[in-house]
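Reproduced below: run.txt, with compact mmCIF, C-alpha atoms.
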```txt
# COMPACT_ATOMS: atom_id res chain seq x y z
CA MET E 1 90.47 104.86 112.13
CA THR E 2 94.18 105.30 112.79
CA TYR E 3 95.89 108.61 112.11
CA LEU E 4 98.02 106.86 109.48
CA GLU E 5 94.90 105.61 107.67
CA GLU E 6 93.48 109.13 107.82
CA ARG E 7 96.66 110.55 106.25
CA ILE E 8 96.61 107.88 103.53
CA ARG E 9 92.99 108.77 102.67
CA LYS E 10 93.78 112.48 102.69
CA ASP E 11 97.28 112.70 101.16
CA GLY E 12 97.97 109.36 99.45
CA VAL E 13 98.37 109.73 95.70
CA ILE E 14 97.02 106.92 93.55
CA CYS E 15 99.11 106.60 90.41
CA PRO E 16 98.51 104.61 87.21
CA GLY E 17 99.11 100.89 87.73
CA ASN E 18 97.39 101.13 91.13
CA VAL E 19 100.54 102.40 92.79
CA LEU E 20 100.08 104.28 96.06
CA LYS E 21 102.48 107.15 96.71
CA ILE E 22 102.68 108.19 100.35
CA ASP E 23 106.08 109.80 100.47
CA SER E 24 104.70 113.13 101.68
CA PHE E 25 104.35 111.68 105.21
CA LEU E 26 105.94 108.20 105.39
CA ASN E 27 108.81 107.77 102.97
CA GLN E 28 110.79 110.85 102.03
CA GLN E 29 109.02 113.51 104.07
CA ILE E 30 108.06 112.02 107.42
CA ASP E 31 105.30 113.28 109.68
CA PRO E 32 106.45 112.82 113.30
CA GLN E 33 102.82 112.50 114.44
CA VAL E 34 102.46 109.42 112.23
CA MET E 35 105.69 108.04 113.69
CA LYS E 36 104.54 108.65 117.28
CA GLU E 37 101.27 106.85 116.63
CA VAL E 38 102.95 103.97 114.82
CA ALA E 39 105.61 103.54 117.53
CA GLY E 40 102.98 103.68 120.29
CA ASP E 41 100.84 101.09 118.52
CA PHE E 42 103.81 98.72 117.97
CA TYR E 43 104.86 99.28 121.59
CA ARG E 44 101.47 98.25 122.99
CA HIS E 45 101.42 95.16 120.79
CA PHE E 46 105.01 93.95 121.29
CA LYS E 47 106.05 95.26 124.71
CA ASP E 48 105.77 91.94 126.59
CA ARG E 49 107.65 89.80 124.05
CA GLY E 50 111.10 90.13 125.61
CA ILE E 51 112.47 91.93 122.57
CA SER E 52 116.19 92.70 122.80
CA LYS E 53 116.73 94.39 119.45
CA ILE E 54 114.92 96.06 116.57
CA LEU E 55 116.06 95.37 113.02
CA THR E 56 115.06 97.39 109.98
CA ILE E 57 116.42 98.27 106.56
CA GLU E 58 117.64 101.62 105.28
CA ALA E 59 116.33 104.17 104.60
CA SER E 60 112.60 104.56 105.26
CA GLY E 61 112.39 101.84 107.95
CA ILE E 62 114.74 103.80 110.21
CA ALA E 63 112.26 106.45 111.43
CA PRO E 64 109.59 104.10 112.81
CA ALA E 65 112.27 101.72 114.10
CA ILE E 66 114.16 104.32 116.17
CA MET E 67 110.93 105.81 117.56
CA LEU E 68 109.88 102.34 118.74
CA ALA E 69 113.40 101.57 120.02
CA ALA E 70 113.13 104.68 122.20
CA GLU E 71 109.89 103.35 123.71
CA LEU E 72 111.14 99.78 124.22
CA ASN E 73 114.58 101.03 125.26
CA VAL E 74 116.46 98.50 123.14
CA PRO E 75 119.07 99.10 120.40
CA MET E 76 117.97 99.53 116.80
CA VAL E 77 120.03 98.10 113.96
CA PHE E 78 119.57 98.89 110.32
CA ALA E 79 120.61 96.60 107.50
CA LYS E 80 122.25 98.31 104.57
CA LYS E 81 121.41 97.81 100.94
CA ALA E 82 124.33 96.98 98.71
CA LYS E 83 124.96 95.68 95.24
CA PRO E 84 125.20 91.88 95.26
CA SER E 85 128.60 90.69 96.45
CA THR E 86 130.08 94.11 97.29
CA MET E 87 130.01 93.50 101.03
CA GLU E 88 130.67 89.76 101.32
CA GLY E 89 133.04 88.72 104.00
CA GLN E 90 133.58 87.34 107.43
CA ASP E 91 132.24 90.43 109.17
CA HIS E 92 128.75 90.56 107.70
CA TYR E 93 125.62 88.55 107.28
CA SER E 94 124.17 89.14 103.83
CA LYS E 95 121.27 87.96 101.72
CA ASP E 96 120.35 88.68 98.11
CA ILE E 97 116.84 90.03 97.59
CA TYR E 98 114.83 90.84 94.47
CA SER E 99 113.00 94.12 93.93
CA TYR E 100 109.78 93.53 92.00
CA THR E 101 109.40 97.30 91.55
CA LYS E 102 112.89 97.94 90.18
CA LYS E 103 113.33 94.44 88.70
CA THR E 104 116.86 94.25 90.09
CA TRP E 105 118.72 92.15 92.64
CA SER E 106 120.32 93.75 95.62
CA GLN E 107 121.72 92.64 98.92
CA VAL E 108 120.80 93.32 102.54
CA VAL E 109 123.81 93.37 104.81
CA VAL E 110 124.33 93.67 108.56
CA SER E 111 127.46 93.50 110.70
CA LYS E 112 127.83 90.28 112.70
CA ASP E 113 128.61 92.44 115.72
CA TYR E 114 125.00 93.60 115.98
CA LEU E 115 122.99 90.38 115.72
CA LYS E 116 123.76 87.71 118.31
CA LYS E 117 122.25 84.27 118.85
CA GLU E 118 120.73 85.34 122.19
CA ASP E 119 118.78 88.18 120.51
CA SER E 120 115.02 88.24 120.22
CA VAL E 121 114.56 90.50 117.21
CA LEU E 122 111.56 92.57 116.20
CA ILE E 123 111.65 93.42 112.48
CA ILE E 124 110.14 96.79 111.52
CA ASP E 125 109.53 98.17 108.05
CA ASP E 126 107.47 100.92 106.45
CA PHE E 127 105.96 98.81 103.66
CA LEU E 128 105.08 95.16 103.12
CA ALA E 129 104.20 94.11 99.59
CA ASN E 130 105.91 91.01 98.17
CA GLY E 131 107.84 90.51 101.38
CA GLU E 132 111.29 90.30 99.82
CA ALA E 133 112.87 92.83 102.17
CA SER E 134 111.25 91.32 105.28
CA MET E 135 112.18 87.77 104.25
CA GLY E 136 115.73 89.02 103.71
CA LEU E 137 115.85 90.47 107.23
CA VAL E 138 114.41 87.22 108.65
CA ASP E 139 117.21 85.37 106.87
CA LEU E 140 119.86 87.65 108.46
CA VAL E 141 118.38 86.93 111.91
CA SER E 142 118.46 83.18 111.18
CA GLN E 143 122.09 83.38 110.05
CA ALA E 144 122.91 84.85 113.46
CA GLY E 145 121.06 81.98 115.17
CA ALA E 146 118.73 84.53 116.79
CA GLN E 147 114.93 84.48 117.05
CA VAL E 148 112.42 86.65 115.20
CA ALA E 149 109.93 87.91 117.81
CA GLY E 150 107.59 89.34 115.18
CA ILE E 151 107.29 91.69 112.23
CA GLY E 152 105.79 95.17 112.53
CA ILE E 153 104.73 96.95 109.34
CA CYS E 154 103.40 100.49 108.89
CA VAL E 155 101.50 99.90 105.63
CA GLU E 156 100.69 96.41 104.34
CA LYS E 157 99.46 95.84 100.81
CA SER E 158 97.26 92.88 101.67
CA PHE E 159 96.59 92.13 98.00
CA GLN E 160 100.25 91.20 97.53
CA PRO E 161 101.76 87.99 98.90
CA GLY E 162 104.21 89.36 101.53
CA ARG E 163 102.13 88.67 104.61
CA GLN E 164 101.22 85.16 103.50
CA ARG E 165 104.87 84.28 102.80
CA LEU E 166 105.90 85.48 106.26
CA GLU E 167 103.01 83.70 108.00
CA GLU E 168 103.78 80.48 106.13
CA ALA E 169 107.30 80.77 107.53
CA GLY E 170 105.72 80.71 111.01
CA LEU E 171 106.10 84.41 111.71
CA GLU E 172 103.63 86.87 113.18
CA VAL E 173 102.92 90.00 111.16
CA TYR E 174 101.34 93.05 112.82
CA SER E 175 100.45 95.91 110.47
CA ILE E 176 99.21 99.34 111.50
CA VAL E 177 97.28 99.78 108.24
CA ARG E 178 96.23 97.07 105.78
CA ILE E 179 95.26 98.01 102.25
CA ALA E 180 92.88 95.60 100.54
CA GLY E 181 92.99 97.25 97.16
CA ILE E 182 93.81 100.36 95.15
CA ASP E 183 91.76 101.51 92.17
CA TRP E 184 93.40 104.15 90.02
CA GLU E 185 90.38 104.67 87.75
CA LYS E 186 88.03 105.27 90.67
CA GLN E 187 90.80 106.94 92.71
CA GLU E 188 89.79 104.72 95.64
CA ILE E 189 91.78 102.99 98.36
CA TYR E 190 90.09 100.05 100.12
CA PHE E 191 91.22 99.24 103.65
CA LYS E 192 91.10 95.89 105.39
CA GLU E 193 89.99 95.46 109.01
CA GLY E 194 92.38 94.16 111.66
CA HIS E 195 96.17 94.29 111.98
CA MET Z 1 130.12 115.27 130.01
CA THR Z 2 127.30 114.35 127.63
CA TYR Z 3 126.06 110.76 127.43
CA LEU Z 4 127.22 110.68 123.79
CA GLU Z 5 130.76 111.72 124.82
CA GLU Z 6 130.68 109.03 127.51
CA ARG Z 7 129.69 106.38 124.93
CA ILE Z 8 132.44 107.56 122.55
CA ARG Z 9 135.03 107.24 125.34
CA LYS Z 10 133.72 103.80 126.32
CA ASP Z 11 132.79 102.18 123.01
CA GLY Z 12 134.45 104.20 120.25
CA VAL Z 13 137.05 102.17 118.35
CA ILE Z 14 140.15 104.02 117.17
CA CYS Z 15 141.42 102.48 113.95
CA PRO Z 16 144.70 102.98 112.09
CA GLY Z 17 144.79 106.32 110.27
CA ASN Z 18 143.12 107.97 113.27
CA VAL Z 19 139.68 106.84 112.17
CA LEU Z 20 137.00 106.71 114.85
CA LYS Z 21 134.41 103.94 114.52
CA ILE Z 22 131.24 104.54 116.51
CA ASP Z 23 128.77 102.40 114.62
CA SER Z 24 127.91 100.34 117.68
CA PHE Z 25 125.71 103.19 118.97
CA LEU Z 26 125.43 105.96 116.35
CA ASN Z 27 125.70 104.64 112.81
CA GLN Z 28 124.56 101.10 112.17
CA GLN Z 29 123.40 100.06 115.62
CA ILE Z 30 121.73 103.02 117.27
CA ASP Z 31 121.33 103.51 121.01
CA PRO Z 32 117.95 105.20 121.61
CA GLN Z 33 119.29 106.80 124.81
CA VAL Z 34 121.91 108.62 122.75
CA MET Z 35 119.17 109.73 120.34
CA LYS Z 36 116.94 110.99 123.16
CA GLU Z 37 119.78 113.03 124.60
CA VAL Z 38 120.84 114.39 121.23
CA ALA Z 39 117.27 115.31 120.24
CA GLY Z 40 116.66 116.97 123.61
CA ASP Z 41 119.89 118.96 123.34
CA PHE Z 42 119.09 120.13 119.76
CA TYR Z 43 115.54 120.95 120.88
CA ARG Z 44 116.70 123.23 123.72
CA HIS Z 45 119.13 125.00 121.40
CA PHE Z 46 116.90 125.46 118.33
CA LYS Z 47 113.34 125.54 119.69
CA ASP Z 48 112.80 129.32 119.35
CA ARG Z 49 114.14 129.68 115.80
CA GLY Z 50 110.81 129.28 113.99
CA ILE Z 51 111.94 126.09 112.28
CA SER Z 52 109.40 124.67 109.83
CA LYS Z 53 111.28 121.63 108.59
CA ILE Z 54 114.20 119.34 109.38
CA LEU Z 55 116.44 118.17 106.54
CA THR Z 56 118.92 115.32 106.78
CA ILE Z 57 120.57 112.77 104.50
CA GLU Z 58 120.06 109.02 104.40
CA ALA Z 59 120.80 106.80 106.21
CA SER Z 60 122.39 107.59 109.55
CA GLY Z 61 121.06 111.15 109.81
CA ILE Z 62 117.48 109.88 109.88
CA ALA Z 63 117.41 108.65 113.49
CA PRO Z 64 118.45 111.92 115.21
CA ALA Z 65 116.41 113.94 112.70
CA ILE Z 66 113.10 112.13 113.32
CA MET Z 67 113.59 112.14 117.11
CA LEU Z 68 114.08 115.91 116.98
CA ALA Z 69 111.18 116.34 114.52
CA ALA Z 70 108.95 114.62 117.08
CA GLU Z 71 110.00 117.17 119.72
CA LEU Z 72 109.69 120.22 117.46
CA ASN Z 73 106.55 118.79 115.81
CA VAL Z 74 107.66 119.66 112.29
CA PRO Z 75 108.10 117.38 109.25
CA MET Z 76 111.43 115.72 108.62
CA VAL Z 77 112.74 115.28 105.07
CA PHE Z 78 115.66 113.12 104.09
CA ALA Z 79 117.73 113.69 100.98
CA LYS Z 80 118.64 110.56 99.07
CA LYS Z 81 122.06 109.63 97.82
CA ALA Z 82 122.27 108.74 94.16
CA LYS Z 83 124.87 108.26 91.50
CA PRO Z 84 125.59 111.53 89.70
CA SER Z 85 122.91 112.33 87.13
CA THR Z 86 120.60 109.37 87.83
CA MET Z 87 117.90 111.53 89.36
CA GLU Z 88 118.14 114.77 87.40
CA GLY Z 89 114.89 116.29 86.36
CA GLN Z 90 112.21 118.83 86.94
CA ASP Z 91 110.96 117.16 90.11
CA HIS Z 92 114.14 117.23 92.19
CA TYR Z 93 116.77 119.51 93.55
CA SER Z 94 120.16 117.84 93.31
CA LYS Z 95 123.77 118.61 94.08
CA ASP Z 96 126.95 116.65 93.40
CA ILE Z 97 129.12 116.03 96.46
CA TYR Z 98 132.55 114.45 96.89
CA SER Z 99 133.31 111.76 99.46
CA TYR Z 100 136.85 112.18 100.80
CA THR Z 101 136.57 108.76 102.50
CA LYS Z 102 135.42 106.83 99.43
CA LYS Z 103 137.08 109.16 96.90
CA THR Z 104 133.96 109.13 94.74
CA TRP Z 105 131.38 111.63 93.60
CA SER Z 106 127.75 111.15 94.43
CA GLN Z 107 124.62 113.23 94.42
CA VAL Z 108 122.21 114.38 97.11
CA VAL Z 109 118.66 114.63 95.87
CA VAL Z 110 115.39 115.85 97.33
CA SER Z 111 111.93 116.21 95.84
CA LYS Z 112 110.87 119.80 95.09
CA ASP Z 113 107.58 119.03 96.84
CA TYR Z 114 109.28 118.96 100.24
CA LEU Z 115 111.39 122.12 100.28
CA LYS Z 116 109.53 125.40 99.76
CA LYS Z 117 110.79 128.98 99.69
CA GLU Z 118 108.86 129.82 102.88
CA ASP Z 119 110.65 127.05 104.82
CA SER Z 120 113.09 127.71 107.64
CA VAL Z 121 115.18 124.56 107.55
CA LEU Z 122 117.27 122.99 110.29
CA ILE Z 123 119.90 120.63 108.86
CA ILE Z 124 120.77 117.62 111.03
CA ASP Z 125 123.50 115.04 110.49
CA ASP Z 126 125.34 112.43 112.51
CA PHE Z 127 128.88 113.43 111.49
CA LEU Z 128 130.64 116.57 110.34
CA ALA Z 129 134.14 116.20 108.91
CA ASN Z 130 134.92 117.91 105.60
CA GLY Z 131 131.40 119.27 105.41
CA GLU Z 132 130.63 118.01 101.90
CA ALA Z 133 127.29 116.45 102.86
CA SER Z 134 126.19 119.46 104.92
CA MET Z 135 127.24 121.91 102.19
CA GLY Z 136 125.27 119.80 99.73
CA LEU Z 137 122.16 120.01 101.91
CA VAL Z 138 122.64 123.78 102.29
CA ASP Z 139 122.77 124.01 98.50
CA LEU Z 140 119.47 122.10 98.17
CA VAL Z 141 117.84 124.54 100.59
CA SER Z 142 119.21 127.50 98.59
CA GLN Z 143 117.90 126.01 95.34
CA ALA Z 144 114.43 125.99 96.94
CA GLY Z 145 114.87 129.64 97.93
CA ALA Z 146 114.41 128.65 101.57
CA GLN Z 147 116.44 129.68 104.61
CA VAL Z 148 118.89 127.56 106.63
CA ALA Z 149 118.05 128.12 110.31
CA GLY Z 150 121.13 126.28 111.52
CA ILE Z 151 123.07 123.03 111.38
CA GLY Z 152 122.93 120.45 114.18
CA ILE Z 153 125.63 117.78 114.28
CA CYS Z 154 125.96 114.79 116.61
CA VAL Z 155 129.73 114.35 116.31
CA GLU Z 156 132.01 117.01 114.83
CA LYS Z 157 135.60 116.29 113.90
CA SER Z 158 136.91 119.73 114.73
CA PHE Z 159 140.31 118.97 113.21
CA GLN Z 160 138.72 118.74 109.77
CA PRO Z 161 137.49 121.81 107.86
CA GLY Z 162 133.71 121.18 107.78
CA ARG Z 163 132.71 123.58 110.53
CA GLN Z 164 134.91 126.38 109.22
CA ARG Z 165 133.49 126.00 105.69
CA LEU Z 166 129.92 126.22 107.02
CA GLU Z 167 130.69 129.17 109.28
CA GLU Z 168 132.42 131.00 106.44
CA ALA Z 169 129.18 130.56 104.50
CA GLY Z 170 127.45 132.47 107.32
CA LEU Z 171 125.83 129.43 108.94
CA GLU Z 172 125.59 128.49 112.60
CA VAL Z 173 126.86 125.04 113.55
CA TYR Z 174 125.83 123.45 116.84
CA SER Z 175 127.52 120.14 117.65
CA ILE Z 176 126.68 117.86 120.58
CA VAL Z 177 130.24 116.53 120.74
CA ARG Z 178 133.38 118.07 119.26
CA ILE Z 179 136.47 115.96 118.75
CA ALA Z 180 139.74 117.87 118.75
CA GLY Z 181 141.94 114.95 117.82
CA ILE Z 182 142.31 111.17 117.58
CA ASP Z 183 145.56 109.36 118.29
CA TRP Z 184 145.64 105.74 117.17
CA GLU Z 185 149.07 105.00 118.66
CA LYS Z 186 148.07 106.25 122.10
CA GLN Z 187 144.47 105.05 121.61
CA GLU Z 188 143.31 108.47 122.79
CA ILE Z 189 140.43 110.71 121.78
CA TYR Z 190 140.72 114.41 122.63
CA PHE Z 191 137.51 116.39 123.06
CA LYS Z 192 136.99 120.10 122.51
CA GLU Z 193 134.95 122.28 124.87
CA GLY Z 194 131.77 124.01 123.69
CA HIS Z 195 129.26 123.18 120.99
```

Would you encode the structure as structure tokens?
Amino acid sequence: MTYLEERIRKDGVICPGNVLKIDSFLNQQIDPQVMKEVAGDFYRHFKDRGISKILTIEASGIAPAIMLAAELNVPMVFAKKAKPSTMEGQDHYSKDIYSYTKKTWSQVVVSKDYLKKEDSVLIIDDFLANGEASMGLVDLVSQAGAQVAGIGICVEKSFQPGRQRLEEAGLEVYSIVRIAGIDWEKQEIYFKEGH
Amino acid sequence: MTYLEERIRKDGVICPGNVLKIDSFLNQQIDPQVMKEVAGDFYRHFKDRGISKILTIEASGIAPAIMLAAELNVPMVFAKKAKPSTMEGQDHYSKDIYSYTKKTWSQVVVSKDYLKKEDSVLIIDDFLANGEASMGLVDLVSQAGAQVAGIGICVEKSFQPGRQRLEEAGLEVYSIVRIAGIDWEKQEIYFKEGH
């Protein structure tokens, strides 16, 4: 069992609607031991892929992304979230994405200076559920003419379609922890084998 | 000369109005070597202060804060930015702050679960200029009844009043790099000795 899985079992809060709250160690308060383990695990998996840059999205993707960047010794770039159309322009790549949780559209935006066509980009995020954020980041990489080397996720909700969407787009997804199901009534979290 | 100062001299862009743009290695694209140096420097300075928690503000404070948290082996918490009054409530500490750059009010917000009265909190941020963000974080710590152990800043604009405001409030500020002045016409950055 990974340390992250252990923390999820111990400190994850299962809320009505089968929502898992893990912001005491991954989202708002961040346990550096979890980050060290996650970065080390991503490093072992991705170290020989010729990665030139790590791309994530603010805010909670930044911690695992910079810890891994320090191990791979490559720059880390974070896309910003903006309201649709507030940051259009010649200087930025942008892509509208839909939040199923908040039921609103937003935009992921990154400066053209920091994604180049020669880049081999590893995308890192804390959560994968419907895959909107990750697909948005993949789109930014494509706009730059660069390659996606893979997608590293801390916690995947395997019962939601994100992973399948990314794999159908020909991308490799590597998740530290995969959650097969959450049962609020039984207060149970079911994990899935493999990464 | 620190590595961060070296990068500012080499890659900092001086824009009209004496604005320094360093988002190629500190803000949007982040150089992990800079983060390692910064975290190591903060660690040496603050390691014997009995710090129990690191507090920063999304998004660009997160990278130095988590790197330092990994060295000190304490949790890192990031305050979120919100529109005024969108996150009021029993669960959060919040404080309105003014952005002199954007000329707008916003709010810094942190869950009450992650700041406790027994905490000794080190505040970390990437930039210190007018000190609004740092003063806001200090206020959140005070609301929790906790202590501020110090304030660690990556780049201080010493010609703006942030440091003085914090020191007048009885707080210690430790900055990796201090900038005494920026001259757009001469394309010069002047550094200040000390931390």

### Task
Return the single residue from Z:Gln29, Z:Arg163, Z:Val138, Z:Lys192 that is closest to Tyr114 (chain E), with distances computed using all atoms listed in the file.
Z:Gln29

### Task
Compile the contact shell of Gly61 (chain E) as a PyMOL selection string: residues with an atom at most 8 Å away, counting only C-alpha atoms, same-chain residues fewer than 4 positions apart removed.
chain E and resi 56-57+65+124-126

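In this structure, the chain Z residues at most 8 Å away from chain E are Z:Ser24, Z:Phe25, Z:Gln28, Z:Gln29, Z:Ile30, Z:Asp31, Z:Pro32, Z:Gln33, Z:Lys36, Z:Glu58, Z:Ala59, Z:Ile62, Z:Ala63, Z:Ile66, Z:Met67, Z:Ala69, Z:Ala70, Z:Asn73, Z:Val74, Z:Pro75, Z:Met76, Z:Val77, Z:Phe78, Z:Ala79, Z:Tyr114, with only C-alpha atoms considered.
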
### Task
Please identify all polymer residues within 8 Å of region 7-16 of chain E, counting all atoms listed in the file, omitting same-chain residues fewer than 3 positions from it, and present them as a list of chain:residue names.
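In the requested form, the answer reads E:Tyr3, E:Leu4, E:Val19, E:Leu20, E:Lys21, E:Ile22, E:Ser24, E:Phe25, E:Ile182, E:Asp183, E:Trp184, E:Gln187, E:Glu188, E:Ile189.
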
#### Entry: Neighbour residues at most 10 Å from (129.2, 111.2, 101.2) (all atoms listed in the file) as a ChimeraX atom specification
/Z:57-58,81,96-108,130-134,136

### Task
Point out the residue among E:Val141, E:Val177, E:Met135, E:Phe46 with the least atom-to-atom distance to Arg165 (chain E), counting only C-alpha atoms.
E:Met135

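With CA of Gly17 (chain E) on one side and CA of Val173 (chain E) on the other, the separation reads 26.1 Å.
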
So that I can see what lies close to Ile176 (chain E), please list as a PDB file with C-alpha atoms, keeping the file's coordinate frame the residues with an atom at most 10 Å from it, counting all atoms listed in the file and leaving out residues fewer than 3 positions away in the same chain.
```pdb
ATOM      1  CA  THR E   2      94.180 105.300 112.790  1.00  0.00           C
ATOM      2  CA  TYR E   3      95.890 108.610 112.110  1.00  0.00           C
ATOM      3  CA  LEU E   4      98.020 106.860 109.480  1.00  0.00           C
ATOM      4  CA  GLU E   5      94.900 105.610 107.670  1.00  0.00           C
ATOM      5  CA  GLU E  37     101.270 106.850 116.630  1.00  0.00           C
ATOM      6  CA  VAL E  38     102.950 103.970 114.820  1.00  0.00           C
ATOM      7  CA  ALA E  39     105.610 103.540 117.530  1.00  0.00           C
ATOM      8  CA  ASP E  41     100.840 101.090 118.520  1.00  0.00           C
ATOM      9  CA  PHE E  42     103.810  98.720 117.970  1.00  0.00           C
ATOM     10  CA  ASP E 126     107.470 100.920 106.450  1.00  0.00           C
ATOM     11  CA  GLY E 152     105.790  95.170 112.530  1.00  0.00           C
ATOM     12  CA  ILE E 153     104.730  96.950 109.340  1.00  0.00           C
ATOM     13  CA  CYS E 154     103.400 100.490 108.890  1.00  0.00           C
ATOM     14  CA  VAL E 155     101.500  99.900 105.630  1.00  0.00           C
ATOM     15  CA  GLU E 156     100.690  96.410 104.340  1.00  0.00           C
ATOM     16  CA  GLY E 194      92.380  94.160 111.660  1.00  0.00           C
ATOM     17  CA  HIS E 195      96.170  94.290 111.980  1.00  0.00           C
TER      18      HIS E 195
END
```
